[in-house]
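To start, the structure itself, in structure tokens.
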Amino acid sequence: MSRRERDRRIVALAVPALGTLAVEPLYLLVDTAIVGRLGTVPLAGLAVASTVLTTLITVCNFLAYGTTARVAFLWGRGDHRGGATVAAQGLWLAAAIGLVLVVAVGLGGRWLARLVGGEGAVLEVATTYLRISALGIPLVLVALVGNGYLRGVSDTRTPLLVVVVANAMNLMLEVVLVYGFDLGVAGSAWGTVVAQLLAAVWFLVLVGRRVASEGVAVSPVRSEIVRLLVAGRHLLMRTAALLGTLALATSTAARVGAATLAGHQIALQVHTFLALVLDSLAIPGQILVATALGAGEVDEARGVSRRLVRLGVVIGASVGLGVVVTSWALPHAFSGDPAVVDRATPALVLVGLAQVPAAIAFVLDGVLIGSSDFRFLKWNMLAGLVVFLPFALAVLRWHRLGIAGIWTGIVVWMLFRAAVNGARFRGHVWTAAAST
């Protein structure tokens, strides 16, 4: 495949993927904007509840990643029927996990909210939101599988349409339920659940048509469910290590002082936003690499991966330079406190410096997910947590290291992940992982 054709395919997949990644967080953003006008207590309760829900959904992302990699690999082989079978099994798994989580969050919502830090009136609000939102968890998991399947067949445009329409419905319903019917936080939760129902049904119809057209039996197939569960086990540990590293960084900042924590939050949110841009290249990596390996085209898998890394470096350098140049001004958009601005500025410089290694790490994460090299990705992320740990301990011991010490650790963490992913990519083991 020529470079021009590769670039065309990458852009065709990456642009809608970026849109989907940007729109998906809007559920909670809309909730935050609407509930925030109800007062401080409702907003604090939502913060507690959203922390629980976001964590649970994040650890279930393997339903999308595992489905994408497996379906794309089978499509590369020309086995469309096998890809449809994977989708059906993913839906069974989503339903099973979703029902367990409905019961766990529905019955244990109060305990989970208290565990995160909810107390008094805030605890009551968080519990209400969680018990209603529990009904939407299986719907979100179904959407993850549907999104994963459509990505696997190289369709990133349809998921974007689904999430845009669902979020628009969420906004309209919440305005009506919260303000029109005066249902407060409960209205916000019900609006989100209905929007999630729309997205889940839409994905079910889209996937169901494909499954039916291939004549695939919808009964459970143990081998495919086990394969997804194995991938899920590795990806769950990887996600836990990722969240653990970021939580450790935030916890460390909190122990240094309120201004340091606020400055760290600004830097972290900018870094998280930029990660969406870089992750939009990781998704084509998953799809194109899995498809090429399924077709037995190892050279093509390497070629498209190298091109993605080069594009990632260019984008990472560009956005990183932009952050460094504007690091003195960006904090003023988030805070008027001179102490917060003073701490956020050097952190943002380090955020900018982290973007090139982050681009390499993220893109190669996508490549290795596409090759189903999940075990390696798990150990790389766990090792990264160990690499970051001394920086956190040093800042806790010597508070004067402050936010610069924390974000130096994050830059080193990114450099480590990029280097180890790069070493794996230069070898040959990853190209055979999908077929094992």
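Ordering of the structure tokens sets the chain letters (A, B, ...); residue numbers start at 1 within each chain; ligands are numbered from 1 in the order shown.
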Just the residues within 12 Å of Leu278 of chain A, please, counting only C-alpha atoms, with nothing from its chain fewer than 5 positions along; format it as a PyMOL selection string.
chain A and resi 14-15+17-18+21-22+271-273+283-285+308-320+355-366
Just C-alpha atoms for this one: save the residues we selected as a PDB file, in the first residue's frame.
ATOM      1  CA  ALA A  14      -8.971   8.810  12.894  1.00  0.00           C
ATOM      2  CA  VAL A  15     -11.151  11.888  12.342  1.00  0.00           C
ATOM      3  CA  ALA A  17     -12.714   8.374  16.099  1.00  0.00           C
ATOM      4  CA  LEU A  18     -11.493  11.692  17.488  1.00  0.00           C
ATOM      5  CA  LEU A  21     -13.649  10.235  21.863  1.00  0.00           C
ATOM      6  CA  ALA A  22     -14.416  13.937  22.330  1.00  0.00           C
ATOM      7  CA  HIS A 271      -2.898  16.410  29.397  1.00  0.00           C
ATOM      8  CA  THR A 272      -6.100  14.331  29.358  1.00  0.00           C
ATOM      9  CA  PHE A 273      -7.600  16.495  26.623  1.00  0.00           C
ATOM     10  CA  ILE A 283      -7.677   3.539  17.086  1.00  0.00           C
ATOM     11  CA  PRO A 284      -6.579   3.280  13.418  1.00  0.00           C
ATOM     12  CA  GLY A 285      -3.577   1.407  14.803  1.00  0.00           C
ATOM     13  CA  LEU A 308       1.222   6.178  12.596  1.00  0.00           C
ATOM     14  CA  VAL A 309       4.208   6.717  14.903  1.00  0.00           C
ATOM     15  CA  ARG A 310       5.629   9.391  12.577  1.00  0.00           C
ATOM     16  CA  LEU A 311       2.271  11.164  12.412  1.00  0.00           C
ATOM     17  CA  GLY A 312       1.968  10.868  16.189  1.00  0.00           C
ATOM     18  CA  VAL A 313       5.391  12.450  16.723  1.00  0.00           C
ATOM     19  CA  VAL A 314       4.506  15.360  14.436  1.00  0.00           C
ATOM     20  CA  ILE A 315       1.163  15.933  16.185  1.00  0.00           C
ATOM     21  CA  GLY A 316       2.685  15.427  19.635  1.00  0.00           C
ATOM     22  CA  ALA A 317       5.495  17.901  18.910  1.00  0.00           C
ATOM     23  CA  SER A 318       3.016  20.450  17.550  1.00  0.00           C
ATOM     24  CA  VAL A 319       0.557  20.357  20.438  1.00  0.00           C
ATOM     25  CA  GLY A 320       3.403  20.047  22.940  1.00  0.00           C
ATOM     26  CA  GLN A 355       3.597  14.952  24.364  1.00  0.00           C
ATOM     27  CA  VAL A 356       6.148  13.383  21.991  1.00  0.00           C
ATOM     28  CA  PRO A 357       6.835  10.336  24.204  1.00  0.00           C
ATOM     29  CA  ALA A 358       3.095  10.206  24.948  1.00  0.00           C
ATOM     30  CA  ALA A 359       2.351  10.096  21.213  1.00  0.00           C
ATOM     31  CA  ILE A 360       4.763   7.195  20.711  1.00  0.00           C
ATOM     32  CA  ALA A 361       3.404   5.346  23.759  1.00  0.00           C
ATOM     33  CA  PHE A 362      -0.254   5.839  22.809  1.00  0.00           C
ATOM     34  CA  VAL A 363       0.153   4.947  19.137  1.00  0.00           C
ATOM     35  CA  LEU A 364       2.147   1.812  19.937  1.00  0.00           C
ATOM     36  CA  ASP A 365      -0.449   0.915  22.595  1.00  0.00           C
ATOM     37  CA  GLY A 366      -2.962   0.920  19.741  1.00  0.00           C
TER      38      GLY A 366
END
Within 9 Å of Val349 of chain A using only C-alpha atoms, minus same-chain residues under 3 positions, as number ranges by chain
A: 320-321, 323-328, 344-346, 352-354
DSSP on the backbone, then: every residue of segment 267-374 of chain A marked alpha helix (DSSP H), written as a PyMOL selection string.
chain A and resi 267-294+298-325+338-370+374
I'd like the neighbourhood of segment 237-247 of chain A as a list in words, where a residue qualifies if any of its atoms comes within 7 Å (using only C-alpha atoms), though same-chain residues fewer than 3 positions away should be ignored.
Val59, Arg233, His234, Thr250, Ser251, Leu377, Lys378, Met381, Leu382 and Leu385 of chain A
For those residues, write N, CA and C atoms to a file as a compact mmCIF listing (two decimals), in the first residue's frame.
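For reference, part07.txt as written:
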# COMPACT_ATOMS: atom_id res chain seq x y z
N VAL A 59 -12.84 0.38 33.53
CA VAL A 59 -12.25 -0.95 33.65
C VAL A 59 -12.95 -1.96 32.74
N ARG A 233 -8.93 -9.67 31.34
CA ARG A 233 -8.12 -9.78 32.56
C ARG A 233 -6.84 -8.96 32.43
N HIS A 234 -6.16 -9.08 31.29
CA HIS A 234 -4.92 -8.33 31.08
C HIS A 234 -5.19 -6.83 30.97
N THR A 250 -2.10 12.51 41.83
CA THR A 250 -3.05 13.46 42.42
C THR A 250 -2.99 13.43 43.94
N SER A 251 -2.89 12.23 44.51
CA SER A 251 -2.79 12.09 45.96
C SER A 251 -1.54 12.78 46.49
N LEU A 377 1.18 -5.53 27.33
CA LEU A 377 0.69 -4.20 27.70
C LEU A 377 0.40 -4.11 29.19
N LYS A 378 -0.10 -5.19 29.76
CA LYS A 378 -0.36 -5.22 31.20
C LYS A 378 0.94 -5.02 31.98
N MET A 381 2.50 -1.46 31.72
CA MET A 381 1.84 -0.44 32.52
C MET A 381 2.12 -0.64 34.02
N LEU A 382 2.17 -1.88 34.46
CA LEU A 382 2.51 -2.14 35.87
C LEU A 382 3.94 -1.70 36.17
N LEU A 385 4.08 2.04 36.61
CA LEU A 385 3.67 2.47 37.95
C LEU A 385 4.85 2.41 38.91
Give me the segment 17-87 of chain A side of the contact with segment 104-107 of chain A, cut-off 12 Å, one line per residue showing its nearest atom pair and distance in Å at one decimal, counting only C-alpha atoms, sorted by chain and residue number, as CSV.
residue,atom,partner,partner_atom,distance
A:Ala49,CA,A:Val105,CA,10.4
A:Val52,CA,A:Val105,CA,9.1
A:Leu53,CA,A:Val105,CA,9.0
A:Leu56,CA,A:Val105,CA,9.8
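With only C-alpha atoms as the atoms that count, the minimum distance from Val48 of chain A to the choices A:Thr67, A:Ser371, A:Gln89, A:Thr127 is reached by A:Thr127.
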